[in-house]
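Asker: My structure file structure29.tsv, TSV, C-alpha atoms, is below:
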```tsv
chain	number	residue	atom	x	y	z
A	262	MET	CA	-5.99	-34.85	12.32
A	263	GLY	CA	-3.22	-32.37	11.49
A	264	ARG	CA	-3.65	-29.59	8.99
A	265	ARG	CA	-3.32	-30.52	5.32
A	266	ARG	CA	-0.14	-29.48	3.55
A	267	LEU	CA	-0.96	-27.38	0.52
A	268	CYS	CA	0.75	-26.55	-2.78
A	269	THR	CA	3.41	-29.23	-2.92
A	270	LEU	CA	3.76	-28.75	-6.69
A	271	VAL	CA	6.67	-26.35	-6.57
A	272	SER	CA	7.57	-26.31	-2.91
A	273	ASN	CA	11.22	-27.08	-3.65
A	274	SER	CA	11.71	-24.70	-6.57
A	275	ASP	CA	13.22	-21.24	-6.69
A	276	THR	CA	10.81	-18.31	-6.67
A	277	LEU	CA	12.59	-17.04	-9.78
A	278	GLY	CA	10.99	-19.93	-11.67
A	279	TRP	CA	7.62	-18.34	-10.87
A	280	THR	CA	8.48	-14.83	-11.97
A	281	ARG	CA	9.91	-12.81	-14.80
A	282	ALA	CA	12.23	-11.15	-12.30
A	283	ASN	CA	14.38	-9.49	-14.95
A	284	GLU	CA	11.43	-7.22	-15.76
A	285	ILE	CA	12.10	-5.17	-12.63
A	286	THR	CA	15.76	-4.62	-13.53
A	287	ARG	CA	14.83	-2.43	-16.48
A	288	PRO	CA	15.88	1.24	-16.10
A	289	TRP	CA	12.35	2.55	-16.65
A	290	VAL	CA	11.20	0.85	-13.42
A	291	TRP	CA	13.74	2.71	-11.27
A	292	ASP	CA	13.13	5.93	-13.20
A	293	GLN	CA	9.38	5.80	-12.51
A	294	LEU	CA	9.85	4.85	-8.85
A	295	GLU	CA	12.20	7.76	-8.26
A	296	LYS	CA	10.21	10.33	-10.25
A	297	GLN	CA	6.61	9.23	-9.59
A	298	GLY	CA	6.81	7.10	-6.44
A	299	TYR	CA	5.37	4.02	-8.15
A	300	ALA	CA	5.89	1.58	-11.03
A	301	VAL	CA	3.61	-1.05	-12.58
A	302	VAL	CA	5.18	-4.19	-14.06
A	303	GLU	CA	2.87	-6.32	-16.21
A	304	SER	CA	3.10	-10.13	-16.27
A	305	PHE	CA	5.65	-10.31	-13.45
A	306	LEU	CA	4.23	-13.53	-11.97
A	307	LYS	CA	3.68	-16.45	-14.31
A	308	ARG	CA	0.16	-17.73	-14.91
A	309	ASP	CA	0.68	-21.15	-13.27
A	310	ALA	CA	2.06	-19.47	-10.15
A	311	CYS	CA	-0.94	-17.13	-9.99
A	312	LYS	CA	-3.29	-20.08	-10.20
A	313	GLN	CA	-1.46	-22.04	-7.51
A	314	LEU	CA	-1.21	-19.14	-5.07
A	315	ARG	CA	-4.88	-18.29	-5.57
A	316	SER	CA	-5.75	-21.93	-4.84
A	317	THR	CA	-3.60	-21.82	-1.72
A	318	ILE	CA	-5.42	-18.74	-0.43
A	319	ASP	CA	-8.75	-20.44	-1.13
A	320	GLN	CA	-7.72	-23.47	0.91
A	321	LEU	CA	-6.50	-21.31	3.79
A	322	ARG	CA	-9.73	-19.30	3.87
A	323	CYS	CA	-11.72	-21.77	5.94
A	324	ASP	CA	-9.57	-21.63	9.08
A	325	ARG	CA	-6.46	-19.44	8.63
A	326	LEU	CA	-7.57	-16.11	7.19
A	327	VAL	CA	-8.90	-13.50	9.62
A	328	PRO	CA	-10.80	-10.25	9.05
A	329	ASN	CA	-8.60	-7.24	8.42
A	330	ALA	CA	-8.83	-4.83	11.35
A	331	THR	CA	-7.04	-1.65	12.37
A	332	HIS	CA	-6.62	-0.33	15.89
A	333	PHE	CA	-7.90	3.23	15.99
A	334	VAL	CA	-6.84	5.52	18.84
A	335	ALA	CA	-9.56	8.04	19.68
A	336	GLY	CA	-8.92	11.55	20.92
A	337	ASP	CA	-9.36	10.50	24.55
A	338	GLY	CA	-6.75	7.76	24.17
A	339	SER	CA	-9.25	4.90	24.03
A	340	ARG	CA	-8.85	2.22	21.36
A	341	GLU	CA	-11.43	1.03	18.88
A	342	LEU	CA	-11.06	-1.90	16.50
A	343	LEU	CA	-12.04	-0.94	12.95
A	344	VAL	CA	-12.90	-4.13	11.05
A	345	LYS	CA	-13.07	-3.87	7.26
A	346	SER	CA	-15.98	-5.50	5.46
A	347	GLN	CA	-15.23	-8.53	3.25
A	348	ILE	CA	-11.41	-8.41	3.67
A	349	PHE	CA	-9.61	-11.48	5.06
A	350	GLU	CA	-5.88	-12.09	5.33
A	351	THR	CA	-2.91	-13.68	7.05
A	352	GLU	CA	0.87	-13.29	7.03
A	353	THR	CA	3.52	-15.92	6.42
A	354	HIS	CA	5.11	-15.35	9.85
A	355	VAL	CA	1.92	-16.57	11.57
A	356	LYS	CA	2.62	-19.85	13.32
A	357	GLY	CA	1.79	-22.90	11.20
A	358	ILE	CA	1.16	-21.11	7.88
A	359	LEU	CA	4.40	-22.18	6.19
A	360	GLU	CA	4.05	-25.73	7.47
A	361	GLN	CA	0.51	-25.93	6.12
A	362	ALA	CA	1.37	-24.29	2.79
A	363	PRO	CA	5.04	-25.03	1.96
A	364	CYS	CA	5.02	-23.14	-1.33
A	365	LEU	CA	4.61	-19.91	0.62
A	366	SER	CA	8.12	-20.49	1.97
A	367	LEU	CA	9.34	-19.41	-1.45
A	368	LEU	CA	7.88	-15.94	-0.96
A	369	HIS	CA	8.76	-15.84	2.73
A	370	ASN	CA	12.44	-16.78	2.29
A	371	ASP	CA	13.33	-15.62	-1.21
A	372	THR	CA	15.36	-12.40	-1.33
A	373	SER	CA	15.54	-11.93	-5.11
A	374	LEU	CA	12.99	-9.11	-5.33
A	375	ARG	CA	14.68	-7.22	-2.51
A	376	GLU	CA	18.12	-7.74	-4.06
A	377	ARG	CA	16.99	-6.45	-7.45
A	378	ILE	CA	15.43	-3.36	-5.90
A	379	ASN	CA	18.64	-2.71	-3.97
A	380	GLN	CA	20.58	-2.98	-7.22
A	381	GLY	CA	18.38	-0.41	-8.90
A	382	MET	CA	17.96	1.87	-5.87
A	383	PRO	CA	20.98	1.17	-3.62
A	384	THR	CA	20.26	4.09	-1.27
A	385	LEU	CA	17.21	2.21	0.05
A	386	ASN	CA	19.42	-0.49	1.56
A	387	LEU	CA	16.48	-2.85	2.07
A	388	GLN	CA	17.25	-5.50	4.70
A	389	SER	CA	14.10	-7.58	5.17
A	390	HIS	CA	10.56	-8.22	3.96
A	391	SER	CA	7.25	-9.57	5.20
A	392	VAL	CA	4.48	-11.27	3.21
A	393	LYS	CA	0.70	-10.91	3.51
A	394	LEU	CA	-1.96	-13.00	1.72
A	395	GLN	CA	-5.28	-11.29	1.13
A	396	TYR	CA	-8.73	-12.36	0.00
A	397	ASN	CA	-11.47	-9.84	-0.78
A	398	ALA	CA	-14.87	-11.56	-0.86
A	399	GLY	CA	-16.30	-8.90	-3.16
A	400	LYS	CA	-19.71	-7.48	-2.22
A	401	GLY	CA	-18.15	-4.02	-2.07
A	402	GLY	CA	-15.03	-5.00	-0.12
A	403	CYS	CA	-12.45	-2.20	-0.23
A	404	PHE	CA	-9.78	-0.27	1.66
A	405	PRO	CA	-9.88	3.36	2.80
A	406	MET	CA	-7.26	5.92	1.81
A	407	HIS	CA	-4.05	5.49	3.78
A	408	PHE	CA	-0.27	5.40	3.79
A	409	ASP	CA	1.26	2.00	4.58
A	410	SER	CA	3.94	3.30	6.93
A	411	GLU	CA	5.48	6.24	8.76
A	412	PRO	CA	9.22	6.73	9.33
A	413	THR	CA	8.77	7.03	13.09
A	414	VAL	CA	6.52	3.96	13.35
A	415	ASP	CA	8.21	1.15	11.41
A	416	ALA	CA	10.95	0.46	8.86
A	417	ARG	CA	8.82	-0.32	5.79
A	418	VAL	CA	9.94	1.64	2.74
A	419	MET	CA	8.65	-0.17	-0.38
A	420	THR	CA	5.32	-1.90	-0.94
A	421	ALA	CA	5.11	-4.62	-3.60
A	422	ILE	CA	1.67	-6.01	-4.51
A	423	ILE	CA	1.27	-9.04	-6.77
A	424	TYR	CA	-2.22	-9.64	-8.16
A	425	LEU	CA	-3.68	-13.10	-8.85
A	426	ASN	CA	-7.01	-12.32	-10.56
A	427	GLU	CA	-7.76	-13.94	-13.93
A	428	GLY	CA	-10.22	-12.35	-16.31
A	429	TRP	CA	-10.58	-9.10	-14.41
A	430	VAL	CA	-12.65	-6.39	-16.09
A	431	PRO	CA	-12.88	-2.70	-15.09
A	432	SER	CA	-16.59	-3.00	-14.30
A	433	SER	CA	-15.69	-5.35	-11.42
A	434	GLY	CA	-14.14	-2.43	-9.53
A	435	GLY	CA	-11.41	-3.35	-7.07
A	436	GLN	CA	-8.80	-1.08	-8.66
A	437	LEU	CA	-5.82	0.07	-6.67
A	438	ARG	CA	-5.97	3.87	-6.71
A	439	LEU	CA	-2.68	5.69	-6.20
A	440	TYR	CA	-2.46	9.38	-5.31
A	441	PRO	CA	1.02	10.60	-6.34
A	442	PHE	CA	0.26	14.08	-4.99
A	443	PRO	CA	0.46	16.74	-6.40
A	444	ASN	CA	-0.09	14.74	-9.59
A	445	ASP	CA	-3.52	13.31	-10.41
A	446	PRO	CA	-4.63	9.90	-9.10
A	447	ILE	CA	-4.25	6.80	-11.24
A	448	ASP	CA	-6.18	3.51	-11.14
A	449	VAL	CA	-4.44	0.15	-11.53
A	450	GLU	CA	-6.44	-2.93	-12.54
A	451	PRO	CA	-5.67	-5.93	-10.25
A	452	THR	CA	-5.03	-8.34	-13.14
A	453	ALA	CA	-3.23	-11.66	-12.70
A	454	GLY	CA	0.57	-11.50	-12.65
A	455	LYS	CA	0.82	-7.73	-12.29
A	456	LEU	CA	3.37	-6.29	-9.84
A	457	VAL	CA	2.88	-2.81	-8.40
A	458	LEU	CA	5.72	-1.13	-6.50
A	459	PHE	CA	5.30	2.11	-4.55
A	460	SER	CA	6.59	4.11	-1.63
A	461	SER	CA	5.17	2.68	1.61
A	462	ARG	CA	5.67	5.95	3.46
A	463	ASN	CA	4.70	8.56	0.91
A	464	MET	CA	2.21	7.08	-1.58
A	465	LEU	CA	-1.38	7.68	-0.53
A	466	HIS	CA	-3.58	4.88	-1.87
A	467	ARG	CA	-6.79	2.93	-1.48
A	468	VAL	CA	-8.66	-0.05	-2.99
A	469	LEU	CA	-11.97	0.74	-4.70
A	470	PRO	CA	-15.07	-1.34	-3.89
A	471	SER	CA	-14.94	-4.74	-5.60
A	472	SER	CA	-17.98	-6.62	-6.88
A	473	ARG	CA	-16.12	-9.93	-7.27
A	474	GLU	CA	-13.58	-11.98	-5.36
A	475	ARG	CA	-10.13	-10.42	-5.44
A	476	TYR	CA	-6.81	-12.01	-4.52
A	477	CYS	CA	-3.40	-10.47	-3.93
A	478	ILE	CA	-0.11	-10.91	-2.13
A	479	THR	CA	1.66	-7.96	-0.53
A	480	LEU	CA	5.34	-7.79	0.29
A	481	TRP	CA	6.59	-4.99	2.52
A	482	LEU	CA	10.30	-4.32	2.11
A	483	SER	CA	12.05	-2.66	5.03
A	484	LYS	CA	15.23	-0.90	6.01
A	485	ALA	CA	17.16	-1.86	9.10
A	486	ALA	CA	15.23	-0.60	12.14
A	487	ARG	CA	18.13	1.61	13.22
A	488	GLU	CA	17.76	3.58	9.99
A	489	ASN	CA	14.29	4.79	10.94
A	490	GLN	CA	13.97	8.51	11.04
A	491	ILE	CA	13.36	10.19	14.38
A	492	GLY	CA	10.46	12.58	14.35
A	493	LYS	CA	11.42	16.25	14.20
A	494	PRO	CA	9.26	19.24	15.09
A	495	LEU	CA	7.33	20.46	12.05
A	496	ARG	CA	7.48	24.12	11.16
A	497	PRO	CA	4.83	24.63	8.48
A	498	PRO	CA	4.92	27.84	6.44
A	499	LEU	CA	2.52	30.29	8.04
A	500	LYS	CA	3.15	33.34	5.86
A	501	GLU	CA	1.28	34.37	2.77
A	502	GLY	CA	3.44	34.00	-0.33
A	503	SER	CA	5.54	31.16	1.06
A	504	ALA	CA	7.44	29.32	-1.67
A	505	LEU	CA	5.82	26.07	-2.78
A	506	ASN	CA	8.91	24.02	-3.57
A	507	PRO	CA	10.17	23.74	0.03
A	508	VAL	CA	6.66	22.75	1.12
A	509	LEU	CA	6.37	19.94	-1.42
A	510	GLU	CA	9.92	18.78	-0.79
A	511	ASN	CA	9.02	18.15	2.85
A	512	LEU	CA	7.54	14.64	2.82
A	513	GLU	CA	5.45	15.16	5.96
A	514	PHE	CA	3.99	18.42	4.62
A	515	ARG	CA	3.12	16.66	1.37
A	516	ARG	CA	1.30	13.89	3.26
A	517	LEU	CA	-0.70	16.43	5.25
A	518	LEU	CA	-1.59	18.49	2.17
A	519	ALA	CA	-2.80	15.37	0.36
A	520	LYS	CA	-5.13	14.59	3.27
A	521	ALA	CA	-6.61	18.07	3.09
A	522	VAL	CA	-6.95	18.09	-0.70
A	523	TYR	CA	-8.68	14.69	-0.77
A	524	ALA	CA	-10.56	15.17	2.51
A	525	GLN	CA	-14.04	14.29	1.23
A	526	GLU	CA	-12.88	11.29	-0.79
A	527	TRP	CA	-10.93	10.10	2.26
A	528	ALA	CA	-14.06	10.34	4.42
A	529	ASP	CA	-16.13	8.53	1.77
A	530	SER	CA	-13.57	5.72	1.66
A	531	LEU	CA	-13.84	5.24	5.43
A	532	VAL	CA	-17.60	4.86	5.09
A	533	GLU	CA	-17.30	2.42	2.17
A	534	SER	CA	-14.70	0.23	3.91
A	535	HIS	CA	-16.21	-0.23	7.38
A	536	PRO	CA	-19.60	-1.18	8.79
A	537	ASP	CA	-21.61	1.56	10.44
A	538	ASN	CA	-20.61	1.46	14.09
A	539	GLU	CA	-19.10	3.61	16.83
A	540	GLY	CA	-15.56	2.93	15.64
A	541	ARG	CA	-16.31	4.27	12.17
A	542	GLN	CA	-17.98	7.36	13.60
A	543	LEU	CA	-14.95	8.07	15.80
A	544	ALA	CA	-12.62	7.61	12.85
A	545	LEU	CA	-14.65	10.08	10.80
A	546	GLN	CA	-14.68	12.61	13.64
A	547	LYS	CA	-10.91	12.37	14.01
A	548	HIS	CA	-10.45	12.64	10.24
A	549	TRP	CA	-12.37	15.91	9.98
A	550	LYS	CA	-10.69	17.30	13.08
A	551	ASP	CA	-7.29	16.57	11.52
A	552	VAL	CA	-8.38	18.08	8.20
A	553	ASN	CA	-9.54	21.31	9.86
A	554	ILE	CA	-6.19	21.66	11.63
A	555	ILE	CA	-4.27	21.02	8.41
A	556	LYS	CA	-6.39	23.54	6.48
A	557	PHE	CA	-5.73	26.18	9.12
A	558	VAL	CA	-1.99	25.60	9.28
A	559	PHE	CA	-1.64	25.55	5.47
A	560	ARG	CA	-4.23	28.25	4.82
A	561	HIS	CA	-1.78	30.27	2.70
A	562	ILE	CA	-0.73	27.23	0.65
A	563	LEU	CA	-3.97	25.36	-0.13
A	564	PRO	CA	-5.56	28.21	-2.17
A	565	ARG	CA	-2.63	27.80	-4.56
A	566	LEU	CA	-3.69	24.24	-5.37
A	567	GLU	CA	-3.66	24.75	-9.14
A	568	GLU	CA	-0.10	26.02	-8.87
A	569	LEU	CA	0.75	22.87	-6.93
A	570	LYS	CA	-0.75	20.70	-9.67
A	571	ARG	CA	1.08	22.55	-12.45
A	572	SER	CA	4.36	21.77	-10.73
A	573	LYS	CA	3.74	18.07	-11.59
A	574	GLY	CA	5.88	17.06	-8.66
A	575	LYS	CA	9.08	17.57	-10.63
A	576	GLY	CA	12.20	16.78	-8.67
A	577	LEU	CA	10.33	15.51	-5.62
A	578	VAL	CA	11.72	12.73	-3.44
A	579	TRP	CA	9.48	9.71	-2.82
A	580	PHE	CA	11.70	7.40	-0.79
A	581	SER	CA	13.34	8.27	2.52
```
Rewrite the structure from the file as structure tokens, please.
Answerer:
Amino acid sequence: MGRRRLCTLVSNSDTLGWTRANEITRPWVWDQLEKQGYAVVESFLKRDACKQLRSTIDQLRCDRLVPNATHFVAGDGSRELLVKSQIFETETHVKGILEQAPCLSLLHNDTSLRERINQGMPTLNLQSHSVKLQYNAGKGGCFPMHFDSEPTVDARVMTAIIYLNEGWVPSSGGQLRLYPFPNDPIDVEPTAGKLVLFSSRNMLHRVLPSSRERYCITLWLSKAARENQIGKPLRPPLKEGSALNPVLENLEFRRLLAKAVYAQEWADSLVESHPDNEGRQLALQKHWKDVNIIKFVFRHILPRLEELKRSKGKGLVWFS
């Protein structure tokens, strides 16, 4: 027998019927994205759509969702597969997914979110998007600290996460934690219908351990590949008394400083997210090696951490 077709209820309707899309055209959304690197839009996805998409993920779980895994390159060039505990997912470009679940075509093909972001932030010039469905089985399932993208690796610029979880309470965990360095971290509850937008390249983030099932859909919005930035040699400030503003204005420096500042929490998140095996141990070894290098290179900057925090990241660029 062929695979069952799922979610025929609205398979011919416009995605805009599912969302309150005008919410993301409000000036405060663009203001927060540009000044803080993130924005949270409540009740973006309508309740019926949340329920249907959650049901679709449930029906795909038995044979279409696969464990989330990351390829880790060790110092000797060997590769290890880091599998996350309790996290299962698929993407809409995977062969057969759209045929099996036609309603997902709405998310896969609809360009309205991208068009509205381009209207509000035209310099991004977003050209495409991809869609990932994710199921967290609970039991402590979480994600380690990470950035979604790098300019020299892929063209992703904006991450959009839509949550599908009814009746979520803070004690369930599972919060999305954003680190808009040098500002303090913030936690976002993964409640049904909520849309979170943030910089794929420059917003450090993680998912805290969840004690209950957790559902979400992630859209990655990308520039044209030719607009990717070519890596340039980094020249970190090595002198005592170096000005802080130029350091924070450099996006790569800011990413490195954040890793050093949150080094222990980063290591803890790796332990929480992965089973105890050789791959996790190698990842931890590489993490601390990287941190030690960063701390040495920025040894005249890191002691001025409180000064960094007082700057509140004013005037910093989050999207490149």
Asker: For Arg515 of chain A, which of A:Lys345, A:Lys307, A:Arg417, A:Arg462 is the closest residue, counting only C-alpha atoms?
Answerer: A:Arg462
Asker: Please, what distance in Å, to one decimal, runs between atom CA of Asn329 of chain A and atom CA of Ser316 of chain A?
Answerer: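 About the pair atom CA of Asn329 of chain A and atom CA of Ser316 of chain A: they are 20.0 Å apart.
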Asker: Adding 6 Å on each side of the box along x, y and z that holds all listed atoms of segment 436-446 of chain A, could you give its centre and edge lengths in Å to one decimal, as lines of an AutoDock Vina configuration file?
Answerer:
```
center_x = -3.9
center_y = 7.8
center_z = -7.7
size_x = 21.8
size_y = 29.8
size_z = 17.4
```
Asker: Find the residue from A:Ala521, A:Lys556, A:Ile447, A:Ser534 that sits nearest to Tyr299 of chain A; use only C-alpha atoms when measuring.
Answerer: A:Ile447
Asker: Looking at all atoms listed in the file, which of A:His561, A:Lys575, A:Arg467, A:Arg287 is the one that sits closest to Arg377 of chain A?
Answerer: A:Arg287
Asker: Need to verify the contact set: Ala421 of chain A, 9 Å, only C-alpha atoms, exclusion of same-chain residues closer than 5 positions in sequence. Can you return it as a ChimeraX atom specification?
Answerer: /A:456-459,461,478-482
Asker: Which residue is closest to Ile562 of chain A? Choose from A:Ile423, A:Leu518, A:His548, A:Gln388 and count only C-alpha atoms.
Answerer: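 The shortest atom-to-atom distance to Ile562 of chain A comes from A:Leu518.
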Asker: Would you mind reading off the distance between atom CA of His407 of chain A and atom CA of Ser366 of chain A, one decimal, in Å?
Answerer: 28.7 Å
Asker: Using only C-alpha atoms, which residue out of A:Ala416, A:Leu545, A:Ala398, A:Ile318 lies closest to Thr353 of chain A?
Answerer: A:Ile318
Asker: I'd like to know which of A:Leu569, A:Cys311, A:Leu577, A:Ile378 is closest to Leu505 of chain A, using all atoms listed in the file.
Answerer: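 With all atoms listed in the file as the atom set, the closest residue is A:Leu569.
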Asker: What does the distance between atom CA of Val532 of chain A and atom CA of Leu439 of chain A come to in Å, to one decimal place?
Answerer: 18.7 Å
Asker: Which neighbours of Asn386 of chain A fall inside 10 Å, counting only C-alpha atoms, when residues of the same chain fewer than 4 positions from it are skipped, and could you give them as a PyMOL selection string?
Answerer: chain A and resi 375-376+378-380+382+418+482-485+488
Asker: Env of Val522 of chain A: 10 Å cut, atoms = all atoms listed in the file, seq-sep filter 2 positions within chain, self excluded. Answer as a ChimeraX atom specification.
Answerer: /A:442-443,517-520,524-527,552,555-556,563,566
Asker: Skip Pro328 of chain A itself and residues of its chain fewer than 6 positions away, then list as a PDB file with C-alpha atoms, in the frame of the given file all residues within 9 Å of it, counting all atoms listed in the file.
Answerer:
```pdb
ATOM      1  CA  VAL A 344     -12.900  -4.130  11.050  1.00  0.00           C
ATOM      2  CA  LYS A 345     -13.070  -3.870   7.260  1.00  0.00           C
ATOM      3  CA  SER A 346     -15.980  -5.500   5.460  1.00  0.00           C
ATOM      4  CA  GLN A 347     -15.230  -8.530   3.250  1.00  0.00           C
ATOM      5  CA  ILE A 348     -11.410  -8.410   3.670  1.00  0.00           C
ATOM      6  CA  PHE A 349      -9.610 -11.480   5.060  1.00  0.00           C
ATOM      7  CA  GLU A 350      -5.880 -12.090   5.330  1.00  0.00           C
ATOM      8  CA  THR A 351      -2.910 -13.680   7.050  1.00  0.00           C
TER       9      THR A 351
END
```
Asker: Is it possible to add N, CA and C atoms to segment 311-333 of chain A and hand it back as a tab-separated table (two decimals), keeping the file's coordinate frame?
Answerer:
```tsv
chain	number	residue	atom	x	y	z
A	311	CYS	N	0.27	-17.85	-10.42
A	311	CYS	CA	-0.94	-17.13	-9.99
A	311	CYS	C	-2.04	-18.11	-9.60
A	312	LYS	N	-2.25	-19.10	-10.45
A	312	LYS	CA	-3.29	-20.08	-10.20
A	312	LYS	C	-3.03	-20.85	-8.91
A	313	GLN	N	-1.78	-21.24	-8.69
A	313	GLN	CA	-1.46	-22.04	-7.51
A	313	GLN	C	-1.59	-21.21	-6.23
A	314	LEU	N	-1.12	-19.98	-6.27
A	314	LEU	CA	-1.21	-19.14	-5.07
A	314	LEU	C	-2.66	-18.79	-4.76
A	315	ARG	N	-3.46	-18.56	-5.79
A	315	ARG	CA	-4.88	-18.29	-5.57
A	315	ARG	C	-5.56	-19.51	-4.94
A	316	SER	N	-5.21	-20.71	-5.42
A	316	SER	CA	-5.75	-21.93	-4.84
A	316	SER	C	-5.32	-22.09	-3.38
A	317	THR	N	-4.09	-21.73	-3.10
A	317	THR	CA	-3.60	-21.82	-1.72
A	317	THR	C	-4.39	-20.90	-0.79
A	318	ILE	N	-4.63	-19.67	-1.24
A	318	ILE	CA	-5.42	-18.74	-0.43
A	318	ILE	C	-6.82	-19.29	-0.21
A	319	ASP	N	-7.41	-19.86	-1.27
A	319	ASP	CA	-8.75	-20.44	-1.13
A	319	ASP	C	-8.77	-21.53	-0.06
A	320	GLN	N	-7.74	-22.36	-0.04
A	320	GLN	CA	-7.72	-23.47	0.91
A	320	GLN	C	-7.42	-23.01	2.34
A	321	LEU	N	-6.78	-21.86	2.46
A	321	LEU	CA	-6.50	-21.31	3.79
A	321	LEU	C	-7.68	-20.52	4.34
A	322	ARG	N	-8.63	-20.18	3.47
A	322	ARG	CA	-9.73	-19.30	3.87
A	322	ARG	C	-10.56	-19.88	5.00
A	323	CYS	N	-10.76	-21.19	5.00
A	323	CYS	CA	-11.72	-21.77	5.94
A	323	CYS	C	-11.28	-21.63	7.40
A	324	ASP	N	-9.96	-21.64	7.67
A	324	ASP	CA	-9.57	-21.63	9.08
A	324	ASP	C	-8.33	-20.80	9.39
A	325	ARG	N	-7.72	-20.15	8.37
A	325	ARG	CA	-6.46	-19.44	8.63
A	325	ARG	C	-6.50	-17.96	8.31
A	326	LEU	N	-7.45	-17.54	7.49
A	326	LEU	CA	-7.57	-16.11	7.19
A	326	LEU	C	-8.48	-15.44	8.21
A	327	VAL	N	-8.13	-14.24	8.62
A	327	VAL	CA	-8.90	-13.50	9.62
A	327	VAL	C	-9.30	-12.15	9.05
A	328	PRO	N	-10.39	-11.56	9.54
A	328	PRO	CA	-10.80	-10.25	9.05
A	328	PRO	C	-9.72	-9.19	9.26
A	329	ASN	N	-9.54	-8.35	8.28
A	329	ASN	CA	-8.60	-7.24	8.42
A	329	ASN	C	-9.18	-6.23	9.40
A	330	ALA	N	-8.38	-5.81	10.35
A	330	ALA	CA	-8.83	-4.83	11.35
A	330	ALA	C	-7.68	-3.90	11.71
A	331	THR	N	-8.02	-2.67	12.00
A	331	THR	CA	-7.04	-1.65	12.37
A	331	THR	C	-7.40	-1.10	13.75
A	332	HIS	N	-6.40	-0.96	14.58
A	332	HIS	CA	-6.62	-0.33	15.89
A	332	HIS	C	-6.63	1.18	15.71
A	333	PHE	N	-7.75	1.78	16.09
A	333	PHE	CA	-7.90	3.23	15.99
A	333	PHE	C	-7.84	3.83	17.38
```
